[in-house]
Amino acid sequence: MARLTGARPVAARHWGCATAAFLLLLLLLTVQAAQKADLSGDGTAATINHSLTLLQRLQELLQSGNGSDSVLRVRTAASDEAKVFHTHQLLLSLQSEVFESLLRNQSVVTLHELPETAALFEKFIRYLYCGGVSILLHQAIPMHQLASKYRVWGLQRGVADYMRSHLASESSQGHVVGWYHYAVRIGDAALQESCLQFLAWNLSAVLGSAEWGSVSVELLLLLLERSDLVLHSELELYTAVESWLGRRQPEDPVAERVLRAIRYPMIAPGQLFRLQAQSAVLARHYRAVQDLLFQAFQFHAASPLHFAKYFDVNCSMFLPRNYLAPSWGSQWVINNPARDDRSTSFQTQLGPSSHDAGKRVTWNVLFSPRWLPVSLRPVYSDSVSGAVQPARIEDGRPRLVITPAMSSPDFAGVSFQKTVLVGVRQQGRVLVKHAYSFHQSSDEVADFLAHADLQKRTSEYLIDNSLHLHIIVKPVYHSLIKAKK
């Protein structure tokens, strides 16, 4: 805890180094005693470990300031008053090369911090003494900033790990967007990708939150170019983009670039007509997207087979995202998934074109919790006539197979990409934990839940002992022989 007092007595400073050195020696001896093992097999050997007591003593030393030989004065531009911390140079130098350099030739150092990092400075110093700290979601960025500034690498890695594992945590204002922008600023590619993937797979939850308005232009464009966005429909995405544009009021070139990233062929003609009549944003930038709207109406008016003769359909504009609407797939909740094989069936629309609106494809799905690969299947043994080598249940792995229950000439020029979303409950919310995608050439997800333990009721992949899946089938069009225009 900070002590807002004047200079320490001279005598106390004189024996501060000796006290810190003694504490360090005691710490080393304690760790050695805790880790030492008697390899001779002597049954009288024992380990004496007082490390918890030592940590308590170090905390008391920080709180009391006894024997301190250095003073940190933490100031912010928002206040004329400084927070004063009476510390021990040796302990700070052990953890931070920056403090080692600052305190080499002086015992009083003034540090200038932002208000948010200054508010956490006591927690930060306590970590340097005790090797542990507790933080909340809104404290992650300022704590990471302190760890980076003073080059406390263990704390820096620990906070980054905390952020990656708490993306799903619920907060009133949201935090993933802010963490993504921070990861970009500091160049943390792993954290950046984790945030981006979470936002893509749980976009519907983000669209309705307070943090949607804080999304930067760069992040919005990155999201809009992705085909793995999970949301109810493309119309939901357009509505959210319209709200973002109305709130941020970017310059026209930026707004037009954003609007051109919407996949208008994935929106039904009736909804497109309403947007043209009612959307102020679309009216303002109509010239910038007029060609895309015209192409979308052409797409809905003609058969995909005929349309593909004249237009390149092998582009993102004609590729559906992971839509949760019933016409694109079905939710499947499997109770007690470790028990036995299950099957189900559902129907999807043949394609997003209105020309195919009345055409349906039936899909059969098989789930097996303990399917054995060929290499692990039972084989007959020569040593015992007719005996079969036993296979352990734990050798098997979950298996999911999705096959069409029919074939049709309408499938010409169309293949199907299948996506399986696995939902989990994290911090009281049901979110997408993982997404598996595979194409028509394969009926099975190769690595489906390869690392999930469905035998345990406490498995992170289960919600109330049930496996929550959402299966999405996306038609992918292929360009045919081009006709002369």
# chains A, B, ... in the order shown; residues from 1 in each chain; ligands from 1
>>> residues_around(residues="Tyr264 of chain A", least_positions_apart="3", cutoff="7 Å", atoms="only C-alpha atoms", output="NGL selection string")
:A and (267 or 292-293 or 296)
>>> write_last_selection(atoms="N, CA and C atoms", output="short mmCIF file (atom, residue, chain, number, x, y, z; two decimals), in the first residue's frame")
data_model
loop_
_atom_site.label_atom_id
_atom_site.label_comp_id
_atom_site.auth_asym_id
_atom_site.auth_seq_id
_atom_site.Cartn_x
_atom_site.Cartn_y
_atom_site.Cartn_z
N ILE A 267 -29.30 -10.89 -49.66
CA ILE A 267 -30.50 -10.25 -49.12
C ILE A 267 -31.64 -10.44 -50.12
N LEU A 292 -23.83 -2.80 -57.56
CA LEU A 292 -23.98 -4.01 -56.74
C LEU A 292 -25.44 -4.36 -56.54
N LEU A 293 -26.27 -3.36 -56.33
CA LEU A 293 -27.71 -3.62 -56.16
C LEU A 293 -28.31 -4.17 -57.45
N ALA A 296 -27.36 -7.70 -57.79
CA ALA A 296 -28.09 -8.55 -56.85
C ALA A 296 -29.48 -8.88 -57.38
#
>>> residues_around(residues="Glu256 of chain A", least_positions_apart="3", cutoff="7 Å", atoms="only C-alpha atoms", output="PyMOL selection string")
chain A and resi 252-253+259-260+285+288
>>> write_last_selection(atoms="N, CA, C and O atoms", output="PDB file, in the first residue's frame")
ATOM      1  N   ASP A 252     -17.005  10.268 -47.012  1.00  0.00           N
ATOM      2  CA  ASP A 252     -17.724   9.505 -48.037  1.00  0.00           C
ATOM      3  C   ASP A 252     -16.929   8.323 -48.597  1.00  0.00           C
ATOM      4  O   ASP A 252     -17.490   7.230 -48.760  1.00  0.00           O
ATOM      5  N   PRO A 253     -15.632   8.471 -48.914  1.00  0.00           N
ATOM      6  CA  PRO A 253     -14.898   7.310 -49.446  1.00  0.00           C
ATOM      7  C   PRO A 253     -14.893   6.122 -48.474  1.00  0.00           C
ATOM      8  O   PRO A 253     -14.983   4.965 -48.910  1.00  0.00           O
ATOM      9  N   LEU A 259     -19.943   0.156 -47.368  1.00  0.00           N
ATOM     10  CA  LEU A 259     -21.203  -0.290 -47.969  1.00  0.00           C
ATOM     11  C   LEU A 259     -20.965  -1.279 -49.102  1.00  0.00           C
ATOM     12  O   LEU A 259     -21.790  -2.181 -49.323  1.00  0.00           O
ATOM     13  N   ARG A 260     -19.873  -1.165 -49.805  1.00  0.00           N
ATOM     14  CA  ARG A 260     -19.585  -2.090 -50.896  1.00  0.00           C
ATOM     15  C   ARG A 260     -19.125  -3.461 -50.387  1.00  0.00           C
ATOM     16  O   ARG A 260     -19.016  -4.407 -51.178  1.00  0.00           O
ATOM     17  N   HIS A 285     -25.573   7.333 -50.449  1.00  0.00           N
ATOM     18  CA  HIS A 285     -24.430   6.740 -51.164  1.00  0.00           C
ATOM     19  C   HIS A 285     -24.899   5.791 -52.270  1.00  0.00           C
ATOM     20  O   HIS A 285     -24.165   4.869 -52.643  1.00  0.00           O
ATOM     21  N   ALA A 288     -22.656   4.886 -55.264  1.00  0.00           N
ATOM     22  CA  ALA A 288     -21.468   4.064 -54.988  1.00  0.00           C
ATOM     23  C   ALA A 288     -21.778   2.578 -54.996  1.00  0.00           C
ATOM     24  O   ALA A 288     -20.880   1.756 -55.226  1.00  0.00           O
TER      25      ALA A 288
END
>>> atom_distance(atom1="atom CA of Val241 of chain A", atom2="atom CA of Asp291 of chain A")
19.2 Å
>>> residues_around(residues="Ala446 of chain A", least_positions_apart="3", cutoff="10 Å", atoms="only C-alpha atoms", output="JSON, numbers by chain")
{"A": [399, 400, 401, 436, 437, 438, 442, 443, 449, 450]}
>>> residues_around(residues="Ser107 of chain A", least_positions_apart="3", cutoff="10 Å", atoms="only C-alpha atoms", output="ChimeraX atom specification")
/A:13,68-72,87-89,102-104
>>> write_last_selection(atoms="N, CA and C atoms", output="PDB file, in the first residue's frame")
ATOM      1  N   ARG A  13      17.190   3.766   6.173  1.00  0.00           N
ATOM      2  CA  ARG A  13      17.696   3.578   4.822  1.00  0.00           C
ATOM      3  C   ARG A  13      19.037   2.851   4.829  1.00  0.00           C
ATOM      4  N   SER A  68      13.255   0.363   3.913  1.00  0.00           N
ATOM      5  CA  SER A  68      13.279   0.755   2.504  1.00  0.00           C
ATOM      6  C   SER A  68      14.526   1.588   2.206  1.00  0.00           C
ATOM      7  N   ASP A  69      15.046   1.423   1.010  1.00  0.00           N
ATOM      8  CA  ASP A  69      16.218   2.186   0.590  1.00  0.00           C
ATOM      9  C   ASP A  69      15.964   2.937  -0.706  1.00  0.00           C
ATOM     10  N   SER A  70      14.707   2.969  -1.160  1.00  0.00           N
ATOM     11  CA  SER A  70      14.360   3.696  -2.380  1.00  0.00           C
ATOM     12  C   SER A  70      12.924   4.188  -2.278  1.00  0.00           C
ATOM     13  N   VAL A  71      12.664   5.286  -2.944  1.00  0.00           N
ATOM     14  CA  VAL A  71      11.340   5.906  -2.922  1.00  0.00           C
ATOM     15  C   VAL A  71      10.882   6.145  -4.357  1.00  0.00           C
ATOM     16  N   LEU A  72       9.655   5.689  -4.664  1.00  0.00           N
ATOM     17  CA  LEU A  72       9.039   5.948  -5.960  1.00  0.00           C
ATOM     18  C   LEU A  72       7.928   6.961  -5.769  1.00  0.00           C
ATOM     19  N   THR A  87      10.140   1.525  -1.096  1.00  0.00           N
ATOM     20  CA  THR A  87      10.433   0.202  -1.643  1.00  0.00           C
ATOM     21  C   THR A  87      11.855  -0.222  -1.326  1.00  0.00           C
ATOM     22  N   HIS A  88      12.199  -1.402  -1.841  1.00  0.00           N
ATOM     23  CA  HIS A  88      13.523  -1.969  -1.608  1.00  0.00           C
ATOM     24  C   HIS A  88      14.166  -2.251  -2.965  1.00  0.00           C
ATOM     25  N   GLN A  89      15.256  -1.587  -3.203  1.00  0.00           N
ATOM     26  CA  GLN A  89      15.886  -1.584  -4.518  1.00  0.00           C
ATOM     27  C   GLN A  89      16.169  -2.991  -5.035  1.00  0.00           C
ATOM     28  N   LEU A 102      17.117   2.708 -13.171  1.00  0.00           N
ATOM     29  CA  LEU A 102      16.674   3.963 -12.549  1.00  0.00           C
ATOM     30  C   LEU A 102      17.246   4.149 -11.152  1.00  0.00           C
ATOM     31  N   LEU A 103      17.348   3.061 -10.404  1.00  0.00           N
ATOM     32  CA  LEU A 103      17.755   3.150  -8.997  1.00  0.00           C
ATOM     33  C   LEU A 103      19.250   2.927  -8.808  1.00  0.00           C
ATOM     34  N   ARG A 104      19.997   2.837  -9.884  1.00  0.00           N
ATOM     35  CA  ARG A 104      21.416   2.530  -9.760  1.00  0.00           C
ATOM     36  C   ARG A 104      22.176   3.657  -9.050  1.00  0.00           C
TER      37      ARG A 104
END
>>> residues_around(residues="Arg247 of chain A", least_positions_apart="6", cutoff="12 Å", atoms="only C-alpha atoms", output="MDAnalysis selection string")
chainID A and resid 210 212:216 240:241 255 281
>>> write_last_selection(atoms="C-alpha atoms", output="mmCIF file, in the first residue's frame")
data_model
loop_
_atom_site.group_PDB
_atom_site.id
_atom_site.type_symbol
_atom_site.label_atom_id
_atom_site.label_comp_id
_atom_site.auth_asym_id
_atom_site.auth_seq_id
_atom_site.Cartn_x
_atom_site.Cartn_y
_atom_site.Cartn_z
ATOM 1 C CA ALA A 210 -22.264 -0.801 -26.534
ATOM 2 C CA TRP A 212 -20.099 -1.820 -31.576
ATOM 3 C CA GLY A 213 -19.844 1.957 -31.872
ATOM 4 C CA SER A 214 -16.164 1.847 -30.856
ATOM 5 C CA VAL A 215 -15.174 -0.442 -33.736
ATOM 6 C CA SER A 216 -12.539 1.259 -35.873
ATOM 7 C CA ALA A 240 -25.631 -2.742 -37.855
ATOM 8 C CA VAL A 241 -23.367 -1.133 -40.468
ATOM 9 C CA ALA A 255 -18.600 4.977 -46.015
ATOM 10 C CA VAL A 281 -27.546 5.900 -45.664
#
>>> closest_atom_pairs(of="segment 397-481 of chain A", to="segment 360-373 of chain A", cutoff="8 Å", atoms="only C-alpha atoms", output="tab-separated table")
residue	atom	partner	partner_atom	distance
A:Arg397	CA	A:Arg370	CA	4.9
A:Pro398	CA	A:Pro369	CA	4.2
A:Arg399	CA	A:Ser368	CA	5.0
A:Leu400	CA	A:Phe367	CA	4.7
A:Val401	CA	A:Leu366	CA	5.1
A:Ile402	CA	A:Val365	CA	4.6
A:Thr403	CA	A:Asn364	CA	5.4
A:Pro404	CA	A:Trp363	CA	4.5
A:Ala405	CA	A:Trp363	CA	5.4
A:Met406	CA	A:Thr362	CA	6.8
A:Leu454	CA	A:Pro369	CA	7.7
>>> select_by_dssp(residues="segment 315-349 of chain A", states="strand (DSSP E)", output="ChimeraX atom specification")
/A:322-323,329-335,342-349
>>> write_last_selection(atoms="all heavy atoms", output="short mmCIF file (atom, residue, chain, number, x, y, z; two decimals), in the first residue's frame")
data_model
loop_
_atom_site.label_atom_id
_atom_site.label_comp_id
_atom_site.auth_asym_id
_atom_site.auth_seq_id
_atom_site.Cartn_x
_atom_site.Cartn_y
_atom_site.Cartn_z
N ASN A 322 -21.89 -17.38 -42.30
CA ASN A 322 -22.50 -18.40 -41.43
C ASN A 322 -23.79 -17.84 -40.84
O ASN A 322 -23.83 -17.34 -39.72
CB ASN A 322 -21.53 -18.80 -40.32
CG ASN A 322 -20.35 -19.59 -40.83
OD1 ASN A 322 -20.47 -20.32 -41.82
ND2 ASN A 322 -19.20 -19.46 -40.20
N TYR A 323 -24.87 -17.94 -41.61
CA TYR A 323 -26.15 -17.40 -41.19
C TYR A 323 -26.89 -18.40 -40.31
O TYR A 323 -26.94 -19.59 -40.60
CB TYR A 323 -27.01 -17.06 -42.41
CG TYR A 323 -26.37 -16.06 -43.36
CD1 TYR A 323 -26.24 -16.34 -44.72
CD2 TYR A 323 -25.89 -14.85 -42.89
CE1 TYR A 323 -25.66 -15.44 -45.58
CE2 TYR A 323 -25.30 -13.93 -43.75
CZ TYR A 323 -25.18 -14.23 -45.10
OH TYR A 323 -24.59 -13.33 -45.96
N GLY A 329 -29.76 -23.76 -42.02
CA GLY A 329 -29.26 -24.84 -41.18
C GLY A 329 -30.19 -25.12 -40.03
O GLY A 329 -31.36 -24.73 -40.02
N SER A 330 -29.64 -25.79 -39.02
CA SER A 330 -30.47 -26.22 -37.89
C SER A 330 -29.63 -26.35 -36.64
O SER A 330 -28.45 -26.75 -36.70
CB SER A 330 -31.13 -27.56 -38.21
OG SER A 330 -31.86 -28.03 -37.09
N GLN A 331 -30.24 -26.02 -35.52
CA GLN A 331 -29.59 -26.25 -34.22
C GLN A 331 -29.85 -27.69 -33.80
O GLN A 331 -30.91 -28.25 -34.08
CB GLN A 331 -30.14 -25.28 -33.18
CG GLN A 331 -29.40 -25.32 -31.85
CD GLN A 331 -29.94 -24.28 -30.87
OE1 GLN A 331 -31.08 -23.84 -30.99
NE2 GLN A 331 -29.13 -23.89 -29.91
N TRP A 332 -28.88 -28.28 -33.13
CA TRP A 332 -29.02 -29.67 -32.67
C TRP A 332 -28.43 -29.77 -31.27
O TRP A 332 -27.23 -29.60 -31.10
CB TRP A 332 -28.32 -30.64 -33.62
CG TRP A 332 -28.62 -32.08 -33.35
CD1 TRP A 332 -29.65 -32.60 -32.63
CD2 TRP A 332 -27.87 -33.21 -33.83
NE1 TRP A 332 -29.61 -33.96 -32.62
CE2 TRP A 332 -28.53 -34.38 -33.34
CE3 TRP A 332 -26.73 -33.35 -34.60
CZ2 TRP A 332 -28.06 -35.66 -33.62
CZ3 TRP A 332 -26.27 -34.63 -34.89
CH2 TRP A 332 -26.92 -35.78 -34.40
N VAL A 333 -29.28 -30.04 -30.29
CA VAL A 333 -28.84 -30.21 -28.91
C VAL A 333 -28.83 -31.70 -28.61
O VAL A 333 -29.88 -32.36 -28.65
CB VAL A 333 -29.75 -29.47 -27.92
CG1 VAL A 333 -29.30 -29.71 -26.48
CG2 VAL A 333 -29.77 -27.97 -28.23
N ILE A 334 -27.67 -32.25 -28.30
CA ILE A 334 -27.51 -33.69 -28.04
C ILE A 334 -27.36 -33.90 -26.55
O ILE A 334 -26.34 -33.54 -25.95
CB ILE A 334 -26.29 -34.25 -28.79
CG1 ILE A 334 -26.40 -33.94 -30.29
CG2 ILE A 334 -26.16 -35.75 -28.55
CD1 ILE A 334 -25.17 -34.35 -31.08
N ASN A 335 -28.38 -34.47 -25.92
CA ASN A 335 -28.32 -34.75 -24.49
C ASN A 335 -27.45 -35.98 -24.23
O ASN A 335 -27.49 -36.95 -24.99
CB ASN A 335 -29.73 -34.99 -23.94
CG ASN A 335 -30.63 -33.77 -24.10
OD1 ASN A 335 -30.19 -32.65 -23.90
ND2 ASN A 335 -31.88 -33.99 -24.49
N ARG A 342 -26.25 -40.91 -32.35
CA ARG A 342 -27.50 -40.19 -32.59
C ARG A 342 -27.57 -39.81 -34.07
O ARG A 342 -26.56 -39.74 -34.76
CB ARG A 342 -27.57 -38.90 -31.76
CG ARG A 342 -27.18 -39.04 -30.31
CD ARG A 342 -28.16 -39.88 -29.51
NE ARG A 342 -27.64 -40.08 -28.16
CZ ARG A 342 -27.81 -39.22 -27.17
NH1 ARG A 342 -28.47 -38.10 -27.37
NH2 ARG A 342 -27.32 -39.50 -25.98
N SER A 343 -28.78 -39.52 -34.53
CA SER A 343 -28.95 -39.05 -35.89
C SER A 343 -30.10 -38.06 -35.95
O SER A 343 -30.99 -38.07 -35.08
CB SER A 343 -29.22 -40.22 -36.85
OG SER A 343 -30.44 -40.86 -36.50
N THR A 344 -30.07 -37.21 -36.93
CA THR A 344 -31.14 -36.25 -37.15
C THR A 344 -31.13 -35.86 -38.61
O THR A 344 -30.23 -36.25 -39.38
CB THR A 344 -30.94 -34.99 -36.26
OG1 THR A 344 -32.11 -34.17 -36.35
CG2 THR A 344 -29.74 -34.18 -36.70
N SER A 345 -32.13 -35.11 -39.01
CA SER A 345 -32.19 -34.62 -40.39
C SER A 345 -32.81 -33.23 -40.39
O SER A 345 -33.56 -32.87 -39.47
CB SER A 345 -32.99 -35.57 -41.29
OG SER A 345 -34.33 -35.67 -40.84
N PHE A 346 -32.51 -32.46 -41.40
CA PHE A 346 -33.07 -31.11 -41.53
C PHE A 346 -33.00 -30.70 -42.99
O PHE A 346 -32.36 -31.37 -43.81
CB PHE A 346 -32.32 -30.11 -40.65
CG PHE A 346 -30.88 -29.93 -41.02
CD1 PHE A 346 -30.48 -28.91 -41.89
CD2 PHE A 346 -29.89 -30.77 -40.51
CE1 PHE A 346 -29.15 -28.75 -42.25
CE2 PHE A 346 -28.56 -30.61 -40.85
CZ PHE A 346 -28.19 -29.60 -41.72
N GLN A 347 -33.67 -29.59 -43.31
CA GLN A 347 -33.70 -29.12 -44.68
C GLN A 347 -33.13 -27.71 -44.77
O GLN A 347 -33.26 -26.91 -43.83
CB GLN A 347 -35.14 -29.12 -45.22
CG GLN A 347 -35.69 -30.51 -45.51
CD GLN A 347 -37.03 -30.43 -46.23
OE1 GLN A 347 -37.81 -29.50 -46.03
NE2 GLN A 347 -37.31 -31.42 -47.08
N THR A 348 -32.51 -27.43 -45.91
CA THR A 348 -32.04 -26.07 -46.19
C THR A 348 -32.51 -25.66 -47.59
O THR A 348 -32.86 -26.52 -48.41
CB THR A 348 -30.51 -25.98 -46.15
OG1 THR A 348 -29.95 -26.84 -47.16
CG2 THR A 348 -29.97 -26.37 -44.79
N GLN A 349 -32.53 -24.36 -47.82
CA GLN A 349 -32.83 -23.86 -49.16
C GLN A 349 -31.67 -24.20 -50.07
O GLN A 349 -30.50 -24.17 -49.66
CB GLN A 349 -33.04 -22.35 -49.10
CG GLN A 349 -33.49 -21.72 -50.41
CD GLN A 349 -33.85 -20.26 -50.25
OE1 GLN A 349 -34.52 -19.88 -49.30
NE2 GLN A 349 -33.37 -19.43 -51.17
#
>>> atom_distance(atom1="atom CA of Gln276 of chain A", atom2="atom CA of Arg263 of chain A")
15.0 Å
>>> residues_around(residues="Arg151 of chain A", least_positions_apart="2", cutoff="8 Å", atoms="only C-alpha atoms", output="tab-separated table (two decimals) with N, CA and C atoms, in the first residue's frame")
chain	number	residue	atom	x	y	z
A	96	SER	N	12.71	-6.12	-12.59
A	96	SER	CA	12.64	-5.14	-13.67
A	96	SER	C	14.00	-4.54	-13.96
A	97	GLU	N	14.46	-4.71	-15.19
A	97	GLU	CA	15.73	-4.09	-15.57
A	97	GLU	C	15.60	-2.57	-15.66
A	98	VAL	N	14.39	-2.08	-15.86
A	98	VAL	CA	14.18	-0.63	-15.89
A	98	VAL	C	14.40	-0.05	-14.50
A	147	ALA	N	3.48	-3.42	-17.12
A	147	ALA	CA	4.43	-4.54	-17.28
A	147	ALA	C	5.35	-4.31	-18.48
A	148	SER	N	4.80	-3.75	-19.57
A	148	SER	CA	5.60	-3.50	-20.77
A	148	SER	C	6.57	-2.34	-20.55
A	149	LYS	N	6.09	-1.28	-19.92
A	149	LYS	CA	6.92	-0.10	-19.72
A	149	LYS	C	8.13	-0.41	-18.85
A	153	TRP	N	8.58	-9.04	-17.80
A	153	TRP	CA	8.10	-9.90	-18.87
A	153	TRP	C	7.13	-10.97	-18.38
A	156	GLN	N	3.80	-9.37	-18.05
A	156	GLN	CA	3.28	-9.03	-19.37
A	156	GLN	C	2.66	-10.26	-20.04
>>> atom_distance(atom1="atom CA of Trp201 of chain A", atom2="atom CA of Arg248 of chain A")
23.9 Å
>>> closest_residue(among="A:Arg457, A:His138, A:Arg321, A:His451", to="Pro475 of chain A", atoms="only C-alpha atoms")
A:Arg321
>>> select_by_dssp(residues="segment 83-200 of chain A", states="helix (DSSP H, G or I)", output="number ranges by chain")
A: 89-95, 97-102, 115-118, 121-130, 137-149, 153-165, 176-186, 189-200
